[in-house]
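Q: Have a look at this one.
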Amino acid sequence: MQRRSAGLVLSLLGLMFAGTGMYLMFMRPAMLPEDAAFTNIELGTLPPKLSAWLSIVFATWGGFVTGFGVVLVSAAISLMTSQPRWLCVGTAAGILIAASRFLISNLILESDFLWFVTVIAALSALAATLLIASSRSTRFRDP
């Protein structure tokens with residue numbers, strides 16, 4: 001019963017994180033009214049390049065938040081079903097979402113650190129591949 005309750009709460013939390021991340025990636029404007037109030041910048045006076053940069057930043061942040069939400073949902077499913085393959089597959093998906101969005105943003109920005117972000121993306125792809133492969137044989141053992 002505790003696993004199921006924990007799984008349900010974790011699922012809800014994961015869905016909320018994933019939904020927030022999707023909002024950040026696809027719908028959030030560069031500046032919200034509270035951002036303007038905090039920074040003392042009028043929304044209409046934001047330079048276009050700064051607005052574009054903020055959109056890239058929030059999309060990157062959204063990728064990490066979405067990836068985290070996917071990992072939480074997969075952990076919840078794994079917990080409730082006692083099938084660790086869900087955790088393996090969800091973790092693979094979560095890291096690919098985060099690393100891909102991070103790489104895309106750095107490509108758009110023509111980042112000086114693109115080499116490093118590319119290494120992160122490559123390691124993420126390798127980890128995801130290994131997780132998917134291991135998901136076929138993993139089993140939970142109750143203590």
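To be explicit about the labels: the chains of the structure tokens are called A, B, and onward in the order shown, and within each one the residues are counted from 1, while ligands get numbers from 1 in the order they are shown.
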At a cut-off of 8 Å, using only C-alpha atoms, what residues contact range 104-109 of chain A? Leave out same-chain residues fewer than 5 positions from it and give the result as a list in words.
A: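 The residues that qualify are Ile56, Val57, Ala59, Thr60, Leu114 and Val117 of chain A.
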Q: Could you give me, as a CSV table (one decimal) with N, CA and C atoms, in the first residue's frame, the residues within 12 Å of Tyr23 in chain A, counting only C-alpha atoms and dropping anything in the same chain fewer than 6 positions from it?
A:
```csv
chain,number,residue,atom,x,y,z
A,16,MET,N,3.5,17.0,-13.0
A,16,MET,CA,3.5,18.5,-12.9
A,16,MET,C,4.9,19.0,-13.3
A,17,PHE,N,6.0,18.4,-13.0
A,17,PHE,CA,7.3,18.8,-13.5
A,17,PHE,C,7.3,18.7,-15.0
A,29,PRO,N,6.6,33.0,-22.6
A,29,PRO,CA,7.2,34.2,-23.3
A,29,PRO,C,8.6,34.5,-22.6
A,30,ALA,N,9.4,35.3,-23.3
A,30,ALA,CA,10.7,35.6,-22.7
A,30,ALA,C,10.6,36.3,-21.4
A,55,SER,N,14.4,33.3,-24.5
A,55,SER,CA,13.6,32.2,-25.0
A,55,SER,C,14.4,30.9,-25.1
A,58,PHE,N,15.0,29.7,-21.5
A,58,PHE,CA,13.9,29.0,-20.9
A,58,PHE,C,13.6,27.7,-21.5
A,59,ALA,N,13.8,27.6,-22.8
A,59,ALA,CA,13.6,26.3,-23.5
A,59,ALA,C,14.6,25.2,-23.0
A,60,THR,N,15.8,25.7,-22.7
A,60,THR,CA,16.9,24.8,-22.2
A,60,THR,C,16.4,24.3,-20.8
A,61,TRP,N,16.1,25.3,-19.9
A,61,TRP,CA,15.6,24.9,-18.6
A,61,TRP,C,14.4,24.0,-18.7
A,62,GLY,N,13.5,24.3,-19.6
A,62,GLY,CA,12.3,23.4,-19.8
A,62,GLY,C,12.7,22.0,-20.2
A,63,GLY,N,13.8,21.8,-20.9
A,63,GLY,CA,14.2,20.4,-21.3
A,63,GLY,C,14.7,19.7,-20.0
A,65,VAL,N,13.7,20.3,-16.9
A,65,VAL,CA,12.5,20.1,-16.0
A,65,VAL,C,11.7,19.0,-16.6
A,66,THR,N,11.5,19.0,-17.9
A,66,THR,CA,10.7,17.9,-18.5
A,66,THR,C,11.4,16.5,-18.3
```
Q: If we count only C-alpha atoms, what is near Ala121 in chain A at a cut-off of 10 Å, once residues fewer than 2 positions away on the same chain are taken out, given as a VMD selection string?
A: chain A and resid 95 to 103 115 to 119 123 to 127
Q: Which residue, A:Met27, A:Leu10, A:Leu50, A:Met22, has the smallest gap to Ala75 in chain A when you use only C-alpha atoms?
A: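 Ranking A:Met27, A:Leu10, A:Leu50, A:Met22 by distance to Ala75 in chain A, first place goes to A:Leu10.
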Q: Env of Gly90 in chain A: 7 Å cut, atoms = only C-alpha atoms, seq-sep filter 6 positions within chain, self excluded. Answer as a list in words.
A: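 Contacts, in chain order: Val70, Val71 and Ser74 of chain A.
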Q: Keeping N, CA and C atoms for every residue in the selection just given, could you write it to a file as a PDB file, in the first residue's frame?
A:
```pdb
ATOM      1  N   VAL A  70       9.883  13.194 -16.443  1.00  0.00           N
ATOM      2  CA  VAL A  70       9.806  11.865 -17.067  1.00  0.00           C
ATOM      3  C   VAL A  70      10.471  10.826 -16.162  1.00  0.00           C
ATOM      4  N   VAL A  71      11.620  11.170 -15.588  1.00  0.00           N
ATOM      5  CA  VAL A  71      12.301  10.243 -14.672  1.00  0.00           C
ATOM      6  C   VAL A  71      11.420   9.966 -13.448  1.00  0.00           C
ATOM      7  N   SER A  74       8.550   7.650 -14.395  1.00  0.00           N
ATOM      8  CA  SER A  74       9.030   6.282 -14.619  1.00  0.00           C
ATOM      9  C   SER A  74       9.417   5.616 -13.301  1.00  0.00           C
TER      10      SER A  74
END
```
Q: Among chain A, which residues carry a DSSP assignment of alpha helix (DSSP H), reported as JSON, numbers by chain?
A: {"A": [2, 3, 4, 5, 6, 7, 8, 9, 10, 11, 12, 13, 14, 15, 16, 17, 18, 19, 20, 21, 22, 23, 24, 25, 26, 33, 34, 35, 36, 37, 38, 39, 48, 49, 50, 51, 52, 53, 54, 55, 56, 57, 58, 59, 60, 61, 62, 63, 64, 65, 66, 67, 68, 69, 70, 71, 72, 73, 74, 75, 76, 77, 78, 79, 80, 81, 85, 86, 87, 88, 89, 90, 91, 92, 93, 94, 95, 96, 97, 98, 99, 100, 101, 102, 103, 104, 105, 106, 107, 108, 114, 115, 116, 117, 118, 119, 120, 121, 122, 123, 124, 125, 126, 127, 128, 129, 130, 131, 132, 133, 134]}
Q: What is the distance between CA of Glu34 in chain A and CA of Phe68 in chain A, in Å to one decimal?
A: 25.2 Å
